[in-house]
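As stored in run_17.csv (CSV, C-alpha atoms and all ligand atoms):
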```
chain,number,residue,atom,x,y,z
A,1,MET,CA,27.2,-13.6,-5.8
A,2,LYS,CA,28.7,-11.9,-2.8
A,3,PRO,CA,29.7,-14.5,-0.1
A,4,GLU,CA,27.9,-12.5,2.6
A,5,SER,CA,24.7,-12.5,0.6
A,6,LEU,CA,25.1,-16.2,-0.3
A,7,ARG,CA,25.4,-16.9,3.5
A,8,VAL,CA,22.1,-15.0,4.1
A,9,ALA,CA,20.4,-16.9,1.4
A,10,LEU,CA,21.6,-20.3,2.7
A,11,ASP,CA,20.5,-19.4,6.2
A,12,ALA,CA,17.0,-18.1,5.3
A,13,LYS,CA,14.0,-20.4,5.7
A,14,GLY,CA,12.7,-21.5,2.4
A,15,PHE,CA,12.3,-24.0,-0.4
A,16,LEU,CA,15.1,-23.6,-2.8
A,17,ASP,CA,18.2,-25.7,-3.0
A,18,PRO,CA,21.5,-23.9,-3.1
A,19,ASP,CA,22.2,-25.1,-6.7
A,20,GLU,CA,18.8,-24.0,-7.8
A,21,GLY,CA,19.4,-20.7,-6.1
A,22,LEU,CA,22.7,-20.2,-8.0
A,23,ALA,CA,20.9,-21.1,-11.3
A,24,LEU,CA,18.2,-18.6,-10.5
A,25,HIS,CA,20.9,-16.0,-9.8
A,26,ARG,CA,22.6,-16.7,-13.2
A,27,ALA,CA,19.3,-16.3,-15.0
A,28,GLY,CA,18.6,-13.1,-13.0
A,29,LEU,CA,22.0,-11.7,-14.0
A,30,ARG,CA,21.3,-12.1,-17.7
A,31,ALA,CA,17.9,-10.6,-17.3
A,32,ALA,CA,19.1,-7.7,-15.2
A,33,ALA,CA,21.9,-7.0,-17.7
A,34,SER,CA,19.5,-7.2,-20.7
A,35,GLY,CA,18.0,-3.8,-19.8
A,36,LEU,CA,14.6,-5.1,-20.7
A,37,GLY,CA,13.1,-4.0,-17.4
A,38,PRO,CA,12.8,-5.1,-13.7
A,39,LEU,CA,12.7,-8.6,-12.4
A,40,LEU,CA,9.6,-9.9,-10.6
A,41,GLU,CA,9.0,-12.9,-8.4
A,42,ILE,CA,5.8,-14.4,-7.2
A,43,GLY,CA,6.3,-16.1,-3.8
A,44,THR,CA,8.7,-14.3,-1.5
A,45,TYR,CA,8.1,-16.5,1.6
A,46,CYS,CA,11.0,-15.6,3.8
A,47,GLY,CA,13.2,-14.1,1.1
A,48,LYS,CA,15.5,-16.9,0.1
A,49,SER,CA,15.0,-16.7,-3.6
A,50,ALA,CA,14.7,-12.9,-3.4
A,51,VAL,CA,18.3,-12.8,-2.2
A,52,TYR,CA,19.5,-14.8,-5.3
A,53,LEU,CA,17.5,-12.7,-7.7
A,54,GLY,CA,18.1,-9.5,-5.7
A,55,GLU,CA,21.8,-9.9,-5.9
A,56,ALA,CA,21.5,-10.4,-9.6
A,57,ALA,CA,19.4,-7.2,-9.8
A,58,ARG,CA,22.0,-5.3,-7.8
A,59,GLU,CA,24.9,-6.6,-9.9
A,60,GLY,CA,23.0,-5.8,-13.2
A,61,GLY,CA,21.7,-2.5,-12.2
A,62,ALA,CA,18.0,-3.6,-12.1
A,63,ILE,CA,15.3,-3.9,-9.4
A,64,LEU,CA,13.5,-7.0,-8.1
A,65,PHE,CA,9.9,-6.8,-7.2
A,66,SER,CA,8.8,-9.7,-5.0
A,67,ILE,CA,5.2,-10.4,-4.3
A,68,ASP,CA,3.5,-12.3,-1.5
A,69,HIS,CA,0.4,-11.9,0.6
A,70,HIS,CA,2.6,-13.6,3.3
A,71,ARG,CA,-0.3,-15.8,4.5
A,72,GLY,CA,1.2,-19.0,3.1
A,73,SER,CA,0.0,-21.2,0.2
A,74,GLU,CA,-2.7,-23.8,0.9
A,75,GLU,CA,0.1,-26.5,0.9
A,76,ILE,CA,2.1,-24.9,3.7
A,77,GLN,CA,-0.7,-24.2,6.2
A,78,PRO,CA,-0.7,-25.9,9.7
A,79,GLY,CA,-1.1,-29.7,9.3
A,80,TRP,CA,0.8,-29.9,6.0
A,81,GLU,CA,4.3,-31.4,5.6
A,82,HIS,CA,6.1,-28.1,4.8
A,83,HIS,CA,4.4,-26.0,7.5
A,84,ASP,CA,6.8,-24.1,9.8
A,85,PRO,CA,5.1,-23.2,13.2
A,86,GLU,CA,7.7,-20.4,13.7
A,87,VAL,CA,6.1,-18.3,10.9
A,88,VAL,CA,2.7,-18.2,12.6
A,89,ASP,CA,1.7,-14.9,14.1
A,90,ALA,CA,0.8,-15.8,17.7
A,91,ARG,CA,-1.7,-12.9,18.0
A,92,THR,CA,-3.8,-14.0,15.1
A,93,GLY,CA,-2.9,-17.7,14.5
A,94,ARG,CA,-2.3,-16.9,10.8
A,95,MET,CA,0.9,-17.3,9.0
A,96,ASP,CA,2.9,-14.1,8.5
A,97,THR,CA,6.2,-14.5,6.7
A,98,LEU,CA,6.7,-10.7,6.1
A,99,PRO,CA,8.9,-10.0,9.1
A,100,PHE,CA,11.2,-12.9,8.1
A,101,ALA,CA,11.4,-11.7,4.5
A,102,ARG,CA,12.1,-8.1,5.5
A,103,ARG,CA,14.9,-9.3,7.8
A,104,THR,CA,16.4,-11.5,5.1
A,105,ILE,CA,16.5,-8.6,2.6
A,106,ALA,CA,18.0,-6.2,5.2
A,107,ASP,CA,20.6,-8.8,6.3
A,108,ALA,CA,21.7,-9.2,2.6
A,109,GLY,CA,22.0,-5.4,2.3
A,110,LEU,CA,19.5,-5.5,-0.6
A,111,GLU,CA,16.9,-3.0,0.6
A,112,ASP,CA,17.7,-0.6,-2.3
A,113,HIS,CA,17.4,-3.4,-4.8
A,114,VAL,CA,14.5,-5.5,-3.7
A,115,VAL,CA,10.9,-4.1,-3.3
A,116,LEU,CA,8.6,-6.3,-1.3
A,117,ILE,CA,5.0,-6.1,-2.5
A,118,VAL,CA,2.5,-7.4,0.0
A,119,GLY,CA,-0.7,-8.6,-1.6
A,120,SER,CA,-2.3,-11.2,-3.9
A,121,SER,CA,-0.3,-11.7,-7.1
A,122,ILE,CA,-3.4,-11.5,-9.2
A,123,VAL,CA,-4.5,-8.2,-7.6
A,124,VAL,CA,-1.0,-6.8,-8.2
A,125,ALA,CA,-1.0,-8.1,-11.8
A,126,ALA,CA,-4.3,-6.3,-12.5
A,127,GLY,CA,-2.5,-3.0,-11.8
A,128,TRP,CA,0.8,-3.8,-13.5
A,129,ALA,CA,1.7,-2.4,-16.9
A,130,LYS,CA,5.5,-2.4,-17.1
A,131,PRO,CA,7.2,-5.0,-19.2
A,132,LEU,CA,9.5,-7.3,-17.2
A,133,ALA,CA,13.0,-8.7,-18.0
A,134,LEU,CA,12.2,-11.8,-15.9
A,135,VAL,CA,9.3,-13.4,-14.1
A,136,PHE,CA,9.9,-16.1,-11.5
A,137,ILE,CA,6.7,-18.1,-10.7
A,138,ASP,CA,7.0,-19.7,-7.2
A,139,GLY,CA,3.7,-18.9,-5.5
A,140,GLY,CA,0.8,-21.2,-4.7
A,141,HIS,CA,0.9,-24.5,-6.5
A,142,GLY,CA,-2.8,-25.3,-6.6
A,143,THR,CA,-4.1,-25.6,-10.1
A,144,ASP,CA,-6.2,-22.4,-10.1
A,145,VAL,CA,-3.4,-20.3,-8.4
A,146,GLU,CA,-0.6,-21.6,-10.6
A,147,TRP,CA,-2.5,-21.1,-13.8
A,148,ALA,CA,-3.7,-17.7,-12.7
A,149,ASP,CA,-0.1,-16.6,-12.1
A,150,TYR,CA,1.0,-17.9,-15.5
A,151,ARG,CA,-1.9,-16.3,-17.3
A,152,ALA,CA,-1.6,-13.0,-15.5
A,153,TRP,CA,2.2,-12.6,-15.6
A,154,SER,CA,3.6,-14.4,-18.6
A,155,PRO,CA,2.2,-11.8,-21.1
A,156,LEU,CA,4.1,-9.1,-19.1
A,157,ILE,CA,7.5,-10.6,-19.9
A,158,ALA,CA,9.2,-8.4,-22.5
A,159,PRO,CA,10.1,-10.0,-25.8
A,160,GLY,CA,13.5,-11.6,-25.2
A,161,GLY,CA,12.9,-11.8,-21.5
A,162,TRP,CA,12.9,-14.8,-19.1
A,163,LEU,CA,10.3,-17.0,-17.4
A,164,ALA,CA,11.6,-19.1,-14.5
A,165,ILE,CA,9.3,-21.7,-12.9
A,166,HIS,CA,10.0,-23.6,-9.7
A,167,ASP,CA,8.8,-27.0,-8.6
A,168,VAL,CA,8.6,-28.4,-12.1
A,169,PHE,CA,8.6,-32.2,-12.0
A,170,ALA,CA,8.2,-34.3,-15.1
A,171,ASP,CA,7.7,-37.4,-12.9
A,172,PRO,CA,4.2,-37.1,-11.3
A,173,THR,CA,5.4,-39.1,-8.3
A,174,ALA,CA,8.1,-36.4,-7.5
A,175,GLY,CA,5.7,-33.5,-7.0
A,176,GLY,CA,2.4,-31.7,-7.9
A,177,ARG,CA,1.4,-31.2,-11.5
A,178,PRO,CA,0.5,-27.5,-11.9
A,179,PRO,CA,4.1,-26.1,-12.2
A,180,TYR,CA,4.9,-28.8,-14.8
A,181,GLU,CA,1.6,-28.0,-16.7
A,182,ILE,CA,2.3,-24.3,-17.0
A,183,TYR,CA,5.9,-25.1,-18.1
A,184,ARG,CA,4.6,-27.3,-20.9
A,185,ALA,CA,2.0,-24.7,-21.8
A,186,ALA,CA,4.6,-22.0,-22.1
A,187,LEU,CA,6.7,-24.2,-24.4
A,188,GLY,CA,3.5,-25.1,-26.3
A,189,THR,CA,2.7,-21.5,-27.2
A,190,GLY,CA,5.9,-21.4,-29.4
A,191,GLU,CA,6.6,-18.0,-27.7
A,192,PHE,CA,9.1,-19.6,-25.2
A,193,THR,CA,12.0,-21.9,-25.6
A,194,GLU,CA,14.3,-23.5,-23.0
A,195,ASP,CA,17.1,-21.0,-22.2
A,196,GLU,CA,20.6,-22.3,-22.9
A,197,ALA,CA,21.7,-21.2,-19.4
A,198,GLY,CA,19.4,-23.9,-18.3
A,199,GLY,CA,17.6,-24.7,-15.1
A,200,CYS,CA,18.6,-26.9,-12.2
A,201,GLY,CA,16.7,-29.4,-10.0
A,202,SER,CA,13.1,-28.4,-10.3
A,203,LEU,CA,13.9,-24.9,-11.6
A,204,ARG,CA,13.2,-24.4,-15.3
A,205,VAL,CA,14.3,-21.3,-17.2
A,206,LEU,CA,12.6,-20.3,-20.4
A,207,ARG,CA,13.2,-17.4,-22.7
A,208,ARG,CA,10.6,-15.4,-24.7
A,209,ARG,CA,11.2,-15.0,-28.4
A,210,PRO,CA,12.7,-11.6,-29.1
A,211,ALA,CA,10.5,-9.2,-31.0
B,1,LIG,N1,10.4,-18.4,-3.3
B,1,LIG,C1,10.3,-18.9,-1.9
B,1,LIG,C2,9.3,-19.9,-1.6
B,1,LIG,C3,7.9,-19.4,-2.0
B,1,LIG,S1,6.6,-20.4,-1.1
B,1,LIG,C4,11.7,-19.4,-1.5
B,1,LIG,O1,12.7,-19.0,-2.1
B,1,LIG,O2,11.8,-20.1,-0.5
B,1,LIG,C5,5.2,-19.8,-1.9
B,1,LIG,C6,4.7,-18.5,-1.4
B,1,LIG,O3,3.7,-18.0,-2.2
B,1,LIG,C7,4.1,-18.4,0.0
B,1,LIG,O4,4.9,-17.6,0.9
B,1,LIG,C8,2.7,-17.9,-0.1
B,1,LIG,O5,2.3,-17.0,0.9
B,1,LIG,C9,2.8,-17.2,-1.5
B,1,LIG,N2,1.5,-17.2,-2.2
B,1,LIG,C10,0.7,-18.3,-2.5
B,1,LIG,N3,-0.3,-17.8,-3.3
B,1,LIG,C11,-0.2,-16.5,-3.4
B,1,LIG,C12,-1.0,-15.5,-4.1
B,1,LIG,N4,-2.1,-15.8,-4.8
B,1,LIG,N5,-0.5,-14.2,-4.1
B,1,LIG,C13,0.6,-13.9,-3.4
B,1,LIG,N6,1.4,-14.8,-2.7
B,1,LIG,C14,1.0,-16.1,-2.8
B,2,MG,MG,9.1,-23.5,-4.8
```

Since I need it in another form, could you write the structure as structure tokens?
Amino acid sequence: MKPESLRVALDAKGFLDPDEGLALHRAGLRAAASGLGPLLEIGTYCGKSAVYLGEAAREGGAILFSIDHHRGSEEIQPGWEHHDPEVVDARTGRMDTLPFARRTIADAGLEDHVVLIVGSSIVVAAGWAKPLALVFIDGGHGTDVEWADYRAWSPLIAPGGWLAIHDVFADPTAGGRPPYEIYRAALGTGEFTEDEAGGCGSLRVLRRRPA
């Protein structure tokens, strides 16, 4: 990871620890080098994880697509613990993280390697056909949203490709259930196994069985 990009990732607003970011970058590098297809993340927010994955894409000669409607998940709206008033658009009173994400990607010099897609992940998935080398699920963590992302995107992972999931907590007192549920579900299909490169913190990295 280029030190300049790492600096941008560390400075960006967001919800990924540096160690998790570097683990994501490692998984992204393997995926980008696999030649199986582009990388895709659900949940850009202000672009922190997109820099770790985007750097991997750049180094491996791939592209990262990063999806977000930029209106914030239910759990980061005003009044919630992780809400940041700086990302509220004063004109509308709604969250808008797109300007932050755009700036982060530009600052990291990744505009040719990261494509920001503004929209609902499910709407985008409905129009998506290309197999993916890696899918990183870090969007809304409500039960319906998390499961919808898993159901829509995991079948689009190429055989031999990677599935990364953030905010996976085995201990129910450490965090919400849905990311852990989809992680267990993926393992339960027999299609996915824990990748030897491994996760870090609440990041889990799985690999799809090769064809
Ligand atoms: N990966 C980010 C954090 C993502 S926070 C980081 O590195 O810091 C979760 C993001 O998911 C929020 O920005 C929210 O707007 C987005 N989101 C939630 N539900 C979504 C949906 N259904 N479609 C698109 N984006 C969604
Ligand atoms: Mg997260």

- Nearest residue to Asp17 in chain A from the set A:Tyr183, A:Tyr52, A:Trp162, A:Tyr45 (distances using only C-alpha atoms):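 For Asp17 in chain A, the nearest of the given residues is A:Tyr52.
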
- Query: How many Å lie between CA of Ala27 in chain A and CA of Ala197 in chain A, rounded to one decimal?
  - Reply: 7.0 Å

- Task: Pick out the residues no farther than 7 Å from ligand LIG 1 (chain B), counting all atoms listed in the file, and list them as an MDAnalysis selection string.
- Result: chainID A and resid 13:16 42:50 67:73 97 119:122 138:140 145

- Task: Work out how far CA of Ile137 in chain A is from CA of Val8 in chain A, in Å to one decimal.
- Result: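 Separation between CA of Val8 in chain A and CA of Ile137 in chain A: 21.6 Å.
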
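Among the candidate residues A:Val114, A:Ala32, A:Leu24, A:Ala170, the one lying nearest to ligand MG 2 (chain B) is A:Leu24, with distances computed using all atoms listed in the file.
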
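Coordinates place CA of Leu40 in chain A at a distance of 9.6 Å from CA of Ile157 in chain A.
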
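Distances to ligand MG 2 (chain B) were evaluated for A:Glu191, A:Asp171, A:Glu75, A:Glu55 using all atoms listed in the file, and the minimum falls at A:Glu75.
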
- Item | Counting all atoms listed in the file, the option among A:Glu81, A:Asp19, A:Glu74, A:Asp144 closest to Gly198 in chain A |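 With all atoms listed in the file as the atom set, the closest residue is A:Asp19.
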